[in-house]
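Just structure_14.cif here, mmCIF, C-alpha atoms:
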```cif
data_input
loop_
_atom_site.label_atom_id
_atom_site.label_comp_id
_atom_site.auth_asym_id
_atom_site.auth_seq_id
_atom_site.Cartn_x
_atom_site.Cartn_y
_atom_site.Cartn_z
CA MET C 18 -8.89 -7.34 -9.23
CA LYS C 19 -7.56 -10.89 -8.93
CA GLY C 20 -4.92 -10.04 -11.53
CA ILE C 21 -3.73 -7.05 -9.50
CA LEU C 22 -3.44 -9.28 -6.42
CA PHE C 23 -1.44 -11.90 -8.33
CA ALA C 24 0.95 -9.32 -9.83
CA PHE C 25 1.36 -7.65 -6.43
CA LEU C 26 2.12 -10.97 -4.72
CA GLY C 27 4.50 -11.87 -7.55
CA GLY C 28 6.45 -8.68 -6.81
CA ALA C 29 6.45 -9.42 -3.09
CA PHE C 30 7.80 -12.93 -3.77
CA ILE C 31 10.55 -11.57 -6.06
CA THR C 32 11.84 -9.30 -3.29
CA LEU C 33 11.43 -12.02 -0.66
CA GLN C 34 13.45 -14.36 -2.86
CA GLY C 35 16.36 -11.89 -3.07
CA VAL C 36 16.33 -11.34 0.69
CA ALA C 37 16.09 -15.07 1.46
CA ASN C 38 18.95 -15.83 -0.96
CA SER C 39 21.01 -13.17 0.74
CA ARG C 40 20.28 -14.65 4.19
CA ILE C 41 21.09 -18.20 3.04
CA SER C 42 24.34 -16.94 1.48
CA GLN C 43 25.46 -15.67 4.88
CA GLY C 44 24.93 -19.19 6.20
CA ILE C 45 26.43 -21.48 3.56
CA GLY C 46 28.00 -19.23 0.87
CA THR C 47 26.58 -17.54 -2.22
CA TRP C 48 27.18 -20.22 -4.88
CA GLN C 49 25.89 -22.86 -2.49
CA ALA C 50 22.77 -20.78 -1.87
CA ALA C 51 22.21 -20.24 -5.60
CA ALA C 52 22.63 -23.97 -6.34
CA LEU C 53 20.48 -25.16 -3.42
CA THR C 54 17.50 -22.85 -3.96
CA GLN C 55 17.40 -23.57 -7.66
CA LEU C 56 17.67 -27.30 -7.08
CA THR C 57 14.58 -27.28 -4.85
CA GLY C 58 12.79 -24.95 -7.25
CA PHE C 59 13.70 -27.29 -10.12
CA VAL C 60 12.37 -30.37 -8.31
CA ALA C 61 9.12 -28.55 -7.44
CA ALA C 62 8.68 -27.33 -11.02
CA LEU C 63 9.35 -30.86 -12.31
CA VAL C 64 6.61 -32.27 -10.05
CA LEU C 65 4.16 -29.58 -11.22
CA LEU C 66 5.14 -30.29 -14.81
CA PHE C 67 4.09 -33.92 -14.36
CA ILE C 68 0.87 -32.95 -12.59
CA PHE C 69 -0.14 -30.48 -15.31
CA ARG C 70 1.17 -32.74 -18.11
CA ASP C 71 2.34 -29.61 -19.82
CA PHE C 72 5.40 -31.17 -21.47
CA LYS C 73 5.80 -30.49 -25.20
CA ARG C 74 9.03 -32.09 -26.30
CA GLN C 75 8.76 -31.33 -30.00
CA GLY C 76 8.76 -27.59 -29.20
CA PHE C 77 12.42 -27.69 -28.19
CA THR C 78 13.63 -28.17 -31.75
CA GLN C 79 11.91 -24.93 -32.78
CA VAL C 80 13.83 -22.73 -30.32
CA LYS C 81 17.35 -21.41 -30.85
CA PRO C 82 19.91 -22.89 -28.41
CA LEU C 83 20.83 -19.33 -27.33
CA TYR C 84 17.28 -18.81 -26.06
CA LEU C 85 17.19 -22.23 -24.36
CA SER C 86 20.36 -21.39 -22.45
CA ALA C 87 18.95 -18.33 -20.65
CA GLY C 88 18.30 -20.27 -17.45
CA ALA C 89 22.04 -20.51 -16.86
CA TYR C 90 22.26 -16.70 -16.45
CA ALA C 91 20.52 -17.14 -13.11
CA ALA C 92 23.82 -18.20 -11.54
CA VAL C 93 25.32 -14.78 -12.25
CA ILE C 94 22.02 -13.00 -11.53
CA ILE C 95 21.66 -14.53 -8.06
CA PHE C 96 25.33 -14.03 -7.23
CA SER C 97 25.22 -10.36 -8.28
CA ASN C 98 21.88 -9.70 -6.63
CA VAL C 99 22.95 -11.22 -3.29
CA THR C 100 26.31 -9.41 -3.30
CA ALA C 101 24.59 -6.12 -4.18
CA ILE C 102 22.04 -6.55 -1.36
CA GLN C 103 24.88 -7.17 1.08
CA HIS C 104 26.72 -4.04 -0.11
CA VAL C 105 24.00 -1.45 -0.72
CA GLY C 106 20.80 -2.82 0.87
CA VAL C 107 17.58 -4.22 -0.57
CA THR C 108 15.89 -0.99 -1.66
CA LEU C 109 18.73 0.37 -3.79
CA THR C 110 19.47 -3.08 -5.25
CA VAL C 111 15.84 -3.65 -6.27
CA ALA C 112 15.63 -0.13 -7.72
CA LEU C 113 18.79 -0.59 -9.82
CA VAL C 114 17.79 -4.06 -11.00
CA ILE C 115 14.45 -2.66 -12.19
CA ILE C 116 16.04 0.32 -13.94
CA ALA C 117 18.65 -1.78 -15.75
CA GLN C 118 15.92 -4.18 -16.76
CA LEU C 119 13.68 -1.45 -18.20
CA VAL C 120 16.54 0.34 -19.98
CA LEU C 121 17.82 -2.83 -21.69
CA THR C 122 14.29 -3.95 -22.60
CA PHE C 123 13.78 -0.46 -24.01
CA LEU C 124 16.90 -0.76 -26.19
CA MET C 125 15.94 -4.26 -27.37
CA ASP C 126 12.44 -3.10 -28.31
CA HIS C 127 13.66 0.08 -29.94
CA TYR C 128 16.26 -1.58 -32.15
CA GLY C 129 14.36 -4.84 -32.56
CA TRP C 130 17.22 -7.01 -31.27
CA PHE C 131 16.75 -10.80 -31.07
CA GLY C 132 13.97 -10.68 -33.63
CA LEU C 133 11.67 -8.59 -31.47
CA PRO C 134 9.26 -6.45 -33.46
CA LYS C 135 10.66 -2.90 -33.56
CA LYS C 136 8.73 -0.58 -31.32
CA ARG C 137 9.43 3.11 -31.55
CA MET C 138 9.88 4.50 -28.09
CA GLY C 139 8.30 7.81 -27.26
CA TRP C 140 9.44 10.65 -25.05
CA THR C 141 7.46 9.22 -22.12
CA GLN C 142 9.91 6.29 -21.96
CA PHE C 143 12.86 8.69 -21.80
CA ALA C 144 11.03 10.75 -19.17
CA GLY C 145 10.29 7.59 -17.18
CA ILE C 146 13.96 6.58 -17.14
CA ALA C 147 15.01 10.11 -16.10
CA ILE C 148 12.46 10.11 -13.25
CA MET C 149 13.63 6.69 -12.04
CA ILE C 150 17.27 7.81 -11.98
CA LEU C 151 16.22 10.95 -10.08
CA GLY C 152 14.50 8.67 -7.55
CA VAL C 153 17.71 6.65 -7.06
CA VAL C 154 19.64 9.88 -6.50
CA ILE C 155 17.09 11.00 -3.87
CA LEU C 156 17.20 7.56 -2.29
CA LYS C 157 20.94 7.41 -1.93
CA PHE C 158 22.65 10.77 -2.03
CA MET A 29 29.16 0.91 -2.76
CA LEU A 30 30.23 1.11 -6.42
CA LEU A 31 30.60 -2.68 -6.62
CA GLY A 32 27.06 -3.11 -5.31
CA ILE A 33 25.71 -0.66 -7.88
CA ILE A 34 27.52 -2.32 -10.78
CA LEU A 35 26.43 -5.82 -9.74
CA ALA A 36 22.80 -4.72 -9.34
CA LEU A 37 22.85 -3.19 -12.84
CA LEU A 38 24.45 -6.37 -14.22
CA ALA A 39 21.77 -8.50 -12.56
CA GLY A 40 18.99 -6.32 -14.00
CA SER A 41 20.45 -6.47 -17.53
CA LEU A 42 20.70 -10.24 -17.39
CA VAL A 43 17.15 -10.49 -16.04
CA SER A 44 15.81 -8.59 -19.03
CA LEU A 45 17.73 -10.80 -21.48
CA GLN A 46 16.51 -13.86 -19.63
CA ASN A 47 12.91 -12.64 -19.76
CA ILE A 48 13.04 -12.13 -23.52
CA PHE A 49 14.72 -15.48 -24.17
CA ASN A 50 12.54 -17.43 -21.74
CA ASN A 51 9.50 -15.90 -23.34
CA LYS A 52 10.58 -17.26 -26.73
CA VAL A 53 11.03 -20.72 -25.18
CA ASN A 54 7.68 -20.37 -23.39
CA VAL A 55 5.82 -19.88 -26.67
CA HIS A 56 6.99 -23.27 -27.93
CA VAL A 57 7.11 -25.50 -24.87
CA GLY A 58 4.71 -24.00 -22.31
CA SER A 59 5.31 -22.25 -19.02
CA TRP A 60 6.00 -25.17 -16.68
CA THR A 61 8.44 -26.84 -19.07
CA THR A 62 10.19 -23.46 -19.39
CA THR A 63 10.30 -22.96 -15.62
CA THR A 64 11.70 -26.46 -15.09
CA LEU A 65 14.35 -25.96 -17.77
CA VAL A 66 15.32 -22.51 -16.44
CA LEU A 67 15.70 -23.68 -12.83
CA GLY A 68 17.53 -26.84 -13.87
CA LEU A 69 20.05 -24.90 -15.95
CA GLY A 70 20.36 -22.29 -13.19
CA PHE A 71 21.22 -25.04 -10.73
CA ALA A 72 23.74 -26.62 -13.11
CA ALA A 73 25.45 -23.28 -13.79
CA SER A 74 25.55 -22.25 -10.12
CA PHE A 75 26.93 -25.63 -9.11
CA THR A 76 29.61 -25.52 -11.82
CA LEU A 77 30.70 -21.97 -11.01
CA GLY A 78 30.65 -22.81 -7.30
CA LEU A 79 32.96 -25.79 -7.88
CA LEU A 80 35.23 -23.58 -9.96
CA PHE A 81 35.53 -20.82 -7.35
CA GLU A 82 35.11 -22.70 -4.10
CA GLY A 83 36.27 -26.23 -4.90
CA LYS A 84 35.41 -28.68 -2.14
CA GLY A 85 33.88 -25.84 -0.13
CA MET A 86 30.85 -26.35 -2.34
CA PHE A 87 30.00 -29.49 -0.33
CA ASP A 88 30.59 -27.90 3.05
CA LEU A 89 27.00 -27.49 4.16
CA HIS A 90 27.39 -27.85 7.93
CA ALA A 91 25.64 -24.51 8.50
CA LEU A 92 22.63 -25.73 6.52
CA LYS A 93 19.25 -25.01 8.08
CA LEU A 94 16.10 -26.85 7.07
CA TRP A 95 14.27 -23.79 5.77
CA TYR A 96 17.08 -23.10 3.27
CA CYS A 97 15.90 -26.16 1.38
CA PHE A 98 12.37 -24.80 1.01
CA SER A 99 13.34 -21.29 0.00
CA GLY A 100 13.52 -22.40 -3.65
CA LEU A 101 9.75 -22.85 -3.57
CA ILE A 102 9.38 -19.06 -3.50
CA GLY A 103 10.39 -19.25 -7.15
CA VAL A 104 7.35 -21.40 -7.88
CA GLY A 105 5.22 -18.70 -6.20
CA VAL A 106 6.86 -16.04 -8.38
CA VAL A 107 6.12 -17.93 -11.61
CA THR A 108 2.54 -18.80 -10.65
CA CYS A 109 1.67 -15.25 -9.58
CA MET A 110 3.37 -13.56 -12.54
CA VAL A 111 1.83 -15.89 -15.14
CA GLN A 112 -1.64 -15.42 -13.59
CA GLY A 113 -1.21 -11.67 -13.15
CA ILE A 114 0.03 -11.14 -16.71
CA ASN A 115 -2.68 -13.38 -18.18
CA ARG A 116 -5.33 -11.29 -16.47
CA LEU A 117 -3.85 -7.81 -16.83
CA GLY A 118 -1.51 -8.01 -19.83
CA PRO A 119 2.26 -7.58 -19.59
CA THR A 120 2.36 -3.79 -19.23
CA PHE A 121 0.05 -3.53 -16.23
CA GLY A 122 1.12 -6.83 -14.69
CA VAL A 123 4.83 -6.02 -14.75
CA SER A 124 4.25 -2.42 -13.57
CA ILE A 125 2.32 -3.56 -10.50
CA SER A 126 4.89 -6.26 -9.76
CA MET A 127 7.76 -3.76 -9.97
CA CYS A 128 6.05 -1.30 -7.63
CA ALA A 129 5.37 -4.12 -5.14
CA GLN A 130 9.03 -5.21 -5.37
CA LEU A 131 10.17 -1.73 -4.40
CA GLY A 132 7.61 -1.33 -1.62
CA PHE A 133 8.59 -4.64 -0.04
CA ALA A 134 12.29 -3.83 -0.46
CA LEU A 135 11.82 -0.67 1.62
CA LEU A 136 9.83 -2.68 4.17
CA PHE A 137 12.54 -5.36 4.45
CA ASP A 138 15.31 -2.75 4.79
CA SER A 139 13.51 -0.77 7.48
CA MET A 140 12.44 -3.81 9.47
CA GLY A 141 15.76 -5.63 9.14
CA TRP A 142 13.84 -8.87 8.60
CA LEU A 143 15.69 -12.15 8.01
CA GLY A 144 18.85 -10.88 9.62
CA LEU A 145 19.45 -8.00 7.22
CA ASP A 146 21.36 -4.96 8.39
CA LYS A 147 18.60 -2.62 9.39
CA VAL A 148 18.51 0.55 7.32
CA ASP A 149 16.62 3.18 9.26
CA PHE A 150 13.48 4.29 7.50
CA THR A 151 13.71 7.95 6.51
CA PHE A 152 11.40 10.33 4.71
CA LYS A 153 14.04 10.73 2.00
CA GLN A 154 13.91 7.00 1.27
CA LEU A 155 10.16 7.02 0.99
CA VAL A 156 10.30 9.98 -1.43
CA GLY A 157 13.03 8.22 -3.44
CA VAL A 158 10.94 5.05 -3.76
CA LEU A 159 7.79 6.98 -4.67
CA VAL A 160 9.67 8.92 -7.37
CA ILE A 161 11.02 5.64 -8.81
CA VAL A 162 7.48 4.19 -8.78
CA GLY A 163 6.35 7.33 -10.63
CA GLY A 164 9.11 6.76 -13.19
CA ILE A 165 8.07 3.13 -13.70
CA LEU A 166 4.46 4.18 -14.28
CA VAL A 167 5.43 6.93 -16.74
CA PHE A 168 7.71 4.49 -18.57
CA LYS A 169 5.23 1.64 -18.69
CA LEU A 170 1.90 3.38 -19.05
CA GLY A 171 2.94 6.55 -20.89
CA GLY A 172 1.52 7.12 -24.37
CA ARG A 173 2.97 4.21 -26.21
CA LYS A 174 1.17 2.76 -29.18
CA LYS A 175 -0.42 -0.65 -28.75
CA PRO A 176 2.12 -2.91 -27.07
CA SER A 177 2.42 -6.03 -29.20
CA GLN A 178 1.73 -9.40 -27.68
CA GLU A 179 5.03 -10.74 -28.97
CA ASN A 180 6.73 -8.55 -26.44
CA ALA A 181 4.71 -9.89 -23.57
CA GLN A 182 7.37 -9.87 -20.96
CA LYS A 183 6.68 -12.52 -18.47
CA SER A 184 9.12 -11.45 -15.84
CA LEU A 185 9.78 -15.00 -14.79
CA GLY A 186 12.96 -13.65 -13.33
CA THR A 187 14.73 -15.49 -10.59
CA VAL A 188 15.62 -12.36 -8.76
#
```
Can you turn what I pasted into structure tokens?
Amino acid sequence: MKGILFAFLGGAFITLQGVANSRISQGIGTWQAAALTQLTGFVAALVLLFIFRDFKRQGFTQVKPLYLSAGAYAAVIIFSNVTAIQHVGVTLTVALVIIAQLVLTFLMDHYGWFGLPKKRMGWTQFAGIAIMILGVVILKF
Amino acid sequence: MLLGIILALLAGSLVSLQNIFNNKVNVHVGSWTTTTLVLGLGFAASFTLGLLFEGKGMFDLHALKLWYCFSGLIGVGVVTCMVQGINRLGPTFGVSISMCAQLGFALLFDSMGWLGLDKVDFTFKQLVGVLVIVGGILVFKLGGRKKPSQENAQKSLGTV
């Protein structure tokens, strides 16, 4: 039950974050908003890192630089997300972000890209994608 | 319209790549180190791109309001809730519930016009659209797939 509450709140925060970023972008500009919110998030995470003493430096050498660099994508993610919200609204943006995410994850799992263990996808995954796209069509057209 | 659609799809694709990559980092260095690294790099990249596209405008913060500075803390809430949720429910259930909540709150924000958004009037069609998408997510995530491997545990630490 607690897990459901956490996951539900996590989802609520993800949407809230997109909306807040979009509001802040109207005030000071999109790149400024992306930089500012991540700077405060970074400082907060750094403080928590010290409190939890969770730092494992030796682990860094075991990870490929490509994987370490993923954080930088957030610049483009936030910019695109904010611009999309301003153009097509929150609901359609969130729906499309989720669909793109599931489809790409699906491809990566299916073909075993980036060293992921290959997982054969069944017809339910195809059906799920088709239903989601149908939902977007109902939502928008 | 088309631009919005393309950018949303781009954002989603990058989120899924980021999730996979962050997860690999997470295994070796732990979740708070990963979060700190991800947000630090995100800041550096946003700042650099901002300088590139906006030049000095990047430092023009006269319209800054105090709450803007605290909005970044939402990200800490996202990570905490998702890590806890996924630890308790596993990635498939955890991410499914989170995605459904994201959509529900998106519809709520649009129809209420909260935080200065353009209000999109709530219609029955929108509700049906969202419910159908939720159905699709559940079929995709929970439909008869063989045991999802732990390696794939997607932690959805996304910044979106």
Selection dump of the PyMOL selection byres ((chain A and resi 102) around 9), as a list in words: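 Written out, the selection comes to Phe30, Ile31, Leu33, Gln34, Thr54 and Gly58 of chain C; Phe98, Ser99, Gly100, Leu101, Gly103, Val104, Gly105, Val106 and Val107 of chain A.
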Please, could you write that set of residues out with C-alpha atoms as a short mmCIF file (atom, residue, chain, number, x, y, z; two decimals), keeping the file's coordinate frame?
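New file again-v6.cif:
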```cif
data_model
loop_
_atom_site.label_atom_id
_atom_site.label_comp_id
_atom_site.auth_asym_id
_atom_site.auth_seq_id
_atom_site.Cartn_x
_atom_site.Cartn_y
_atom_site.Cartn_z
CA PHE C 30 7.80 -12.93 -3.77
CA ILE C 31 10.55 -11.57 -6.06
CA LEU C 33 11.43 -12.02 -0.66
CA GLN C 34 13.45 -14.36 -2.86
CA THR C 54 17.50 -22.85 -3.96
CA GLY C 58 12.79 -24.95 -7.25
CA PHE A 98 12.37 -24.80 1.01
CA SER A 99 13.34 -21.29 0.00
CA GLY A 100 13.52 -22.40 -3.65
CA LEU A 101 9.75 -22.85 -3.57
CA GLY A 103 10.39 -19.25 -7.15
CA VAL A 104 7.35 -21.40 -7.88
CA GLY A 105 5.22 -18.70 -6.20
CA VAL A 106 6.86 -16.04 -8.38
CA VAL A 107 6.12 -17.93 -11.61
#
```
Name every residue that the PyMOL selection byres ((chain C and resi 40-49) around 9) selects in this structure, writing the answer as an mmCIF file with C-alpha atoms, in the coordinates of the input with chains first and numbers rising.
```cif
data_model
loop_
_atom_site.group_PDB
_atom_site.id
_atom_site.type_symbol
_atom_site.label_atom_id
_atom_site.label_comp_id
_atom_site.auth_asym_id
_atom_site.auth_seq_id
_atom_site.Cartn_x
_atom_site.Cartn_y
_atom_site.Cartn_z
ATOM 1 C CA GLY C 35 16.360 -11.890 -3.070
ATOM 2 C CA VAL C 36 16.330 -11.340 0.690
ATOM 3 C CA ALA C 37 16.090 -15.070 1.460
ATOM 4 C CA ASN C 38 18.950 -15.830 -0.960
ATOM 5 C CA SER C 39 21.010 -13.170 0.740
ATOM 6 C CA ALA C 50 22.770 -20.780 -1.870
ATOM 7 C CA ALA C 51 22.210 -20.240 -5.600
ATOM 8 C CA ALA C 52 22.630 -23.970 -6.340
ATOM 9 C CA LEU C 53 20.480 -25.160 -3.420
ATOM 10 C CA THR C 54 17.500 -22.850 -3.960
ATOM 11 C CA ALA C 92 23.820 -18.200 -11.540
ATOM 12 C CA ILE C 95 21.660 -14.530 -8.060
ATOM 13 C CA PHE C 96 25.330 -14.030 -7.230
ATOM 14 C CA VAL C 99 22.950 -11.220 -3.290
ATOM 15 C CA THR C 100 26.310 -9.410 -3.300
ATOM 16 C CA SER A 74 25.550 -22.250 -10.120
ATOM 17 C CA PHE A 75 26.930 -25.630 -9.110
ATOM 18 C CA LEU A 77 30.700 -21.970 -11.010
ATOM 19 C CA GLY A 78 30.650 -22.810 -7.300
ATOM 20 C CA LEU A 79 32.960 -25.790 -7.880
ATOM 21 C CA PHE A 81 35.530 -20.820 -7.350
ATOM 22 C CA GLU A 82 35.110 -22.700 -4.100
ATOM 23 C CA GLY A 85 33.880 -25.840 -0.130
ATOM 24 C CA MET A 86 30.850 -26.350 -2.340
ATOM 25 C CA PHE A 87 30.000 -29.490 -0.330
ATOM 26 C CA ASP A 88 30.590 -27.900 3.050
ATOM 27 C CA LEU A 89 27.000 -27.490 4.160
ATOM 28 C CA HIS A 90 27.390 -27.850 7.930
ATOM 29 C CA ALA A 91 25.640 -24.510 8.500
ATOM 30 C CA LEU A 92 22.630 -25.730 6.520
ATOM 31 C CA LYS A 93 19.250 -25.010 8.080
ATOM 32 C CA TYR A 96 17.080 -23.100 3.270
ATOM 33 C CA SER A 99 13.340 -21.290 0.000
ATOM 34 C CA LEU A 143 15.690 -12.150 8.010
ATOM 35 C CA GLY A 144 18.850 -10.880 9.620
ATOM 36 C CA LEU A 145 19.450 -8.000 7.220
#
```
Interface list for chain C, partner chain A, 6 Å threshold, all atoms listed in the file, as a ChimeraX atom specification: /C:20,23-25,27-32,35,44-45,48,51-52,54-59,62-63,66,72-73,76,84,87-89,91-92,94,97-98,101,104-105,107-108,110,113-114,117-118,141-142,145,148-149,152,155-156
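Between atom CA of C:Gly132 and atom CA of C:Lys81 the separation is 11.6 Å.
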Quick one: distance from atom CA of C:Leu109 to atom CA of C:Leu151 in Å, one decimal?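 A separation of 12.6 Å between them.
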Quick one: distance from atom CA of C:Phe143 to atom CA of C:Ile115 in Å, one decimal?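 Separation of atom CA of C:Phe143 and atom CA of C:Ile115: 15.0 Å.
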